[in-house]
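Notes follow the structure.
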Amino acid sequence: MSFGWIKSEDYSFNSFLLLEEFQIRLALENRGWSKEKDEWSKNMGIALVANPVVAWYFKHRCPKCVHLVDKLMDKAPTAIDKEVREAESYILLSLEDFTIHTTPEKMAKSCDYIRGWDKERLFSLADFNGKVVLDIGAGSGRLTFAAASCASMVYAVEPVSTLREFIRNKIADKVISNVRVTDGFVESIPYPDNTFDIVMSGHVLGDDLEKELVEKERVCKVGGYMLNVPGDSEFHIGSFKALVDKGWEEIHYVGSYGKDVHIHRKMKTERSEE
Ligand SMILES: C[S@@+](CC[C@H](N)C(=O)[O-])C[C@H]1O[C@@H](n2cnc3c(N)ncnc32)[C@H](O)[C@@H]1O
C-alpha cells in the first residue's frame, strides 16, 4: 500500500546509503512487506546489480544480510536502463516509509499524520505541565515538540540518525532547552525503571507488542501515563484491539481528513508493576 508520501523521481537509489542496519535487515527479510514477493525480489535484484555501491553498503552495514543480497543479485534478470530505473522506483516506493526518513524536511511537510495533526489531541490525554516525558520512535519530532511546549523535559528516542539530526537541528534553530535526543528502540528503551511521568509514542507499536508494552511500562513512574498517539491520516486508523485487551483506554475521533483515528492511554498503577 502506498501512503503517497514520496514521488520516486525525487529520490536517487543512493538514498539507501542512508539506511540504518535495522532498516536494511527488515526490508530484505520482509521483501518490502510486498504481497508480490517475487516481483519485489526481481526489482530489488535488478536495482542492486545496477547500484553495486548500495549492494556493498547493505552487505557491510548489515552482515546478516549478505546471503540475501547475494541471492537477489544472483537471480536478477539482465535489464536495460529503462528497466533499471523502473526497478529502482518500484523499490523506493515499496519502502517509502524508509525512503522518506532520508529526507526529514520532506517527511515533516508531506506525511499526512504530521501535517494534518493538532497537538490539542495530545493534551487531551494527559496534563503535560512540568512533566518529564519520553517520546519513543520520535521521528521528526511531532509529539516531542508538542510536549516540549509545556513539559519540563522531553527525551526523544529515535533509531534513525537522519531523524535524530533533524530534531537536534530544530532544537538549535528554535533555541529549545528542554529536549534531549538519543538513539534507541522501543523494545529496549535506554533509560532506567520508573523514570518518566509520561511515556508516549505514535505509529511505533505493533511489531513485538508484548515486549514493547513491558518496556514502556518499565520506564513509566507509578501514577504516570503511557500513551499511543498516531496522527490524523488520510486512511482510517482503526481500533487497536490488542491494546484494549491489555487494559488501555481507547479514544476515537474523526480526524482532519474525515477519517477515523483511535488514540490510547493507560495509567501505570502499583498493580500493573507486579
Ligand atoms: C511513522 S514514524 C512516526 C514518527 C513519530 N512517532 C510521529 O508519530 O510523528 C515511525 C518512527 O518510529 C521509528 N522506529 C522504527 N522502529 C522502531 C523501534 N523498533 N523502536 C523505536 N522507534 C522505531 C522510525 O524510525 C520512525 O521515526
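Residue names in the C-alpha cells use chain letters A, B, ... in the order shown, residue numbers from 1 in each chain, and ligand numbers from 1 in the order shown.
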
Residues up to 10 Å from ligand 1, counting only C-alpha atoms and all ligand atoms: could you list those as a ChimeraX atom specification? /A:20,22-23,26,97-98,100-101,104,107-108,111-115,117,135-144,156-164,183-189,200-208,212,228-232

Would you export the selected residues with C-alpha atoms as an mmCIF file, in the first residue's frame, please?
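Listing of part.cif after writing:
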data_model
loop_
_atom_site.group_PDB
_atom_site.id
_atom_site.type_symbol
_atom_site.label_atom_id
_atom_site.label_comp_id
_atom_site.auth_asym_id
_atom_site.auth_seq_id
_atom_site.Cartn_x
_atom_site.Cartn_y
_atom_site.Cartn_z
ATOM 1 C CA GLU A 20 20.289 2.043 9.250
ATOM 2 C CA PHE A 22 17.804 -2.459 11.223
ATOM 3 C CA GLN A 23 16.043 -0.909 8.208
ATOM 4 C CA LEU A 26 13.774 -5.531 7.922
ATOM 5 C CA ASP A 97 8.459 4.901 4.979
ATOM 6 C CA PHE A 98 12.231 4.261 4.976
ATOM 7 C CA ILE A 100 11.130 9.384 3.431
ATOM 8 C CA HIS A 101 13.359 9.104 6.525
ATOM 9 C CA PRO A 104 13.269 14.514 7.191
ATOM 10 C CA MET A 107 8.762 13.942 5.901
ATOM 11 C CA ALA A 108 7.627 16.752 8.207
ATOM 12 C CA CYS A 111 3.367 12.939 5.790
ATOM 13 C CA ASP A 112 -0.371 13.142 6.362
ATOM 14 C CA TYR A 113 -0.121 12.176 10.044
ATOM 15 C CA ILE A 114 2.228 15.099 10.717
ATOM 16 C CA ARG A 115 0.758 17.942 8.652
ATOM 17 C CA TRP A 117 -2.488 16.785 13.221
ATOM 18 C CA ASP A 135 8.823 10.110 23.131
ATOM 19 C CA ILE A 136 9.874 6.766 21.755
ATOM 20 C CA GLY A 137 10.360 6.496 17.980
ATOM 21 C CA ALA A 138 10.211 10.281 17.814
ATOM 22 C CA GLY A 139 10.611 10.587 14.027
ATOM 23 C CA SER A 140 10.729 14.241 13.004
ATOM 24 C CA GLY A 141 9.513 15.272 16.476
ATOM 25 C CA ARG A 142 5.744 15.716 16.007
ATOM 26 C CA LEU A 143 4.979 14.614 19.590
ATOM 27 C CA THR A 144 8.319 15.716 21.052
ATOM 28 C CA ALA A 156 13.252 11.829 22.280
ATOM 29 C CA VAL A 157 14.458 8.321 21.413
ATOM 30 C CA GLU A 158 14.861 7.597 17.706
ATOM 31 C CA PRO A 159 16.811 4.796 15.958
ATOM 32 C CA VAL A 160 17.284 6.631 12.631
ATOM 33 C CA SER A 161 20.252 9.013 12.596
ATOM 34 C CA THR A 162 18.885 11.376 9.900
ATOM 35 C CA LEU A 163 15.823 11.960 12.101
ATOM 36 C CA ARG A 164 17.859 12.456 15.276
ATOM 37 C CA ASP A 183 19.417 6.543 19.816
ATOM 38 C CA GLY A 184 17.339 3.534 20.879
ATOM 39 C CA PHE A 185 14.492 1.120 20.256
ATOM 40 C CA VAL A 186 11.128 0.673 21.943
ATOM 41 C CA GLU A 187 11.966 -2.987 22.597
ATOM 42 C CA SER A 188 14.929 -1.903 24.774
ATOM 43 C CA ILE A 189 14.406 1.668 25.952
ATOM 44 C CA MET A 200 4.378 8.259 24.576
ATOM 45 C CA SER A 201 4.755 7.068 21.002
ATOM 46 C CA GLY A 202 2.962 7.415 17.678
ATOM 47 C CA HIS A 203 2.951 4.921 14.789
ATOM 48 C CA VAL A 204 5.576 2.801 16.538
ATOM 49 C CA LEU A 205 3.853 -0.029 18.441
ATOM 50 C CA GLY A 206 2.955 -3.364 16.964
ATOM 51 C CA ASP A 207 5.920 -5.360 15.666
ATOM 52 C CA ASP A 208 6.562 -7.038 19.031
ATOM 53 C CA GLU A 212 7.163 -3.015 23.648
ATOM 54 C CA ASN A 228 -0.235 5.790 21.939
ATOM 55 C CA VAL A 229 -0.886 8.837 19.760
ATOM 56 C CA PRO A 230 -0.983 8.339 15.991
ATOM 57 C CA GLY A 231 -1.642 11.479 13.971
ATOM 58 C CA ASP A 232 -4.619 12.167 11.699
#

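Taking only C-alpha atoms, the non-local environment of Glu21 in chain A within 12 Å (same-chain residues fewer than 4 positions away omitted) comprises Phe16, Leu17, Arg25, Leu26, Ala27, Leu28, Tyr57, Phe58, Lys59, His60, Arg61, Cys62, Pro63, Lys64, Cys65, Phe98, Pro159, Val160 and Ser161 of chain A.
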
Can I get the selection written as a JSON list (two decimals), in the first residue's frame, with C-alpha atoms?
[["chain", "number", "residue", "atom", "x", "y", "z"],
["A", 16, "PHE", "CA", 19.50, 3.87, 0.62],
["A", 17, "LEU", "CA", 23.11, 4.67, 1.57],
["A", 25, "ARG", "CA", 17.53, -6.09, 7.63],
["A", 26, "LEU", "CA", 13.77, -5.53, 7.92],
["A", 27, "ALA", "CA", 13.43, -4.51, 4.26],
["A", 28, "LEU", "CA", 15.33, -7.53, 2.95],
["A", 57, "TYR", "CA", 26.78, -0.85, 1.74],
["A", 58, "PHE", "CA", 23.92, -3.25, 2.56],
["A", 59, "LYS", "CA", 26.36, -6.16, 2.97],
["A", 60, "HIS", "CA", 28.81, -4.21, 5.16],
["A", 61, "ARG", "CA", 26.24, -2.30, 7.21],
["A", 62, "CYS", "CA", 24.21, -5.47, 7.78],
["A", 63, "PRO", "CA", 26.47, -8.57, 7.64],
["A", 64, "LYS", "CA", 23.46, -10.76, 8.48],
["A", 65, "CYS", "CA", 22.04, -9.76, 5.08],
["A", 98, "PHE", "CA", 12.23, 4.26, 4.98],
["A", 159, "PRO", "CA", 16.81, 4.80, 15.96],
["A", 160, "VAL", "CA", 17.28, 6.63, 12.63],
["A", 161, "SER", "CA", 20.25, 9.01, 12.60]]

Which parts of range 25-138 of chain A does DSSP call helix (DSSP H, G or I) when run on the backbone here, written out as a PyMOL selection string? chain A and resi 25-29+31-33+37-50+52-61+63-75+81-94+96-102+104-110+112-115+120-123

May I have all residues of range 2-163 of chain A that DSSP, computed from the backbone, assigns to strand (DSSP E), given as an MDAnalysis selection string? chainID A and resid 132:136 153:157

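Using only C-alpha atoms, the residues found no farther than 12 Å from Gly247 in chain A, other than those of its own chain fewer than 2 positions away, are A:Leu213, A:Met226, A:Phe240, A:Lys241, A:Ala242, A:Leu243, A:Val244, A:Asp245, A:Glu249, A:Glu250, A:His264, A:Arg265, A:Lys266, A:Met267, A:Lys268, A:Thr269, A:Ser272.
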
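Taking CA of Asn169 in chain A as the reference point, CA of Ala146 in chain A is found at 16.2 Å.
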
Using only C-alpha atoms, which protein or nucleic acid residues come within 12 Å of Pro77 in chain A? Drop anything in the same chain fewer than 2 positions from it, and give the result as a list in words. Glu39, Ser41, Lys42, Asn43, Met44, Gly45, Ile46, Ala47, Leu48, Val49, Ala50, Leu72, Met73, Asp74, Lys75, Ala79, Ile80, Glu83, Val84 and Ala87 of chain A

Near-Phe13 in chain A list (8 Å; only C-alpha atoms; drop same-chain fewer than 2 positions) as a ChimeraX atom specification: /A:11,15-16,47,51,54,88,92
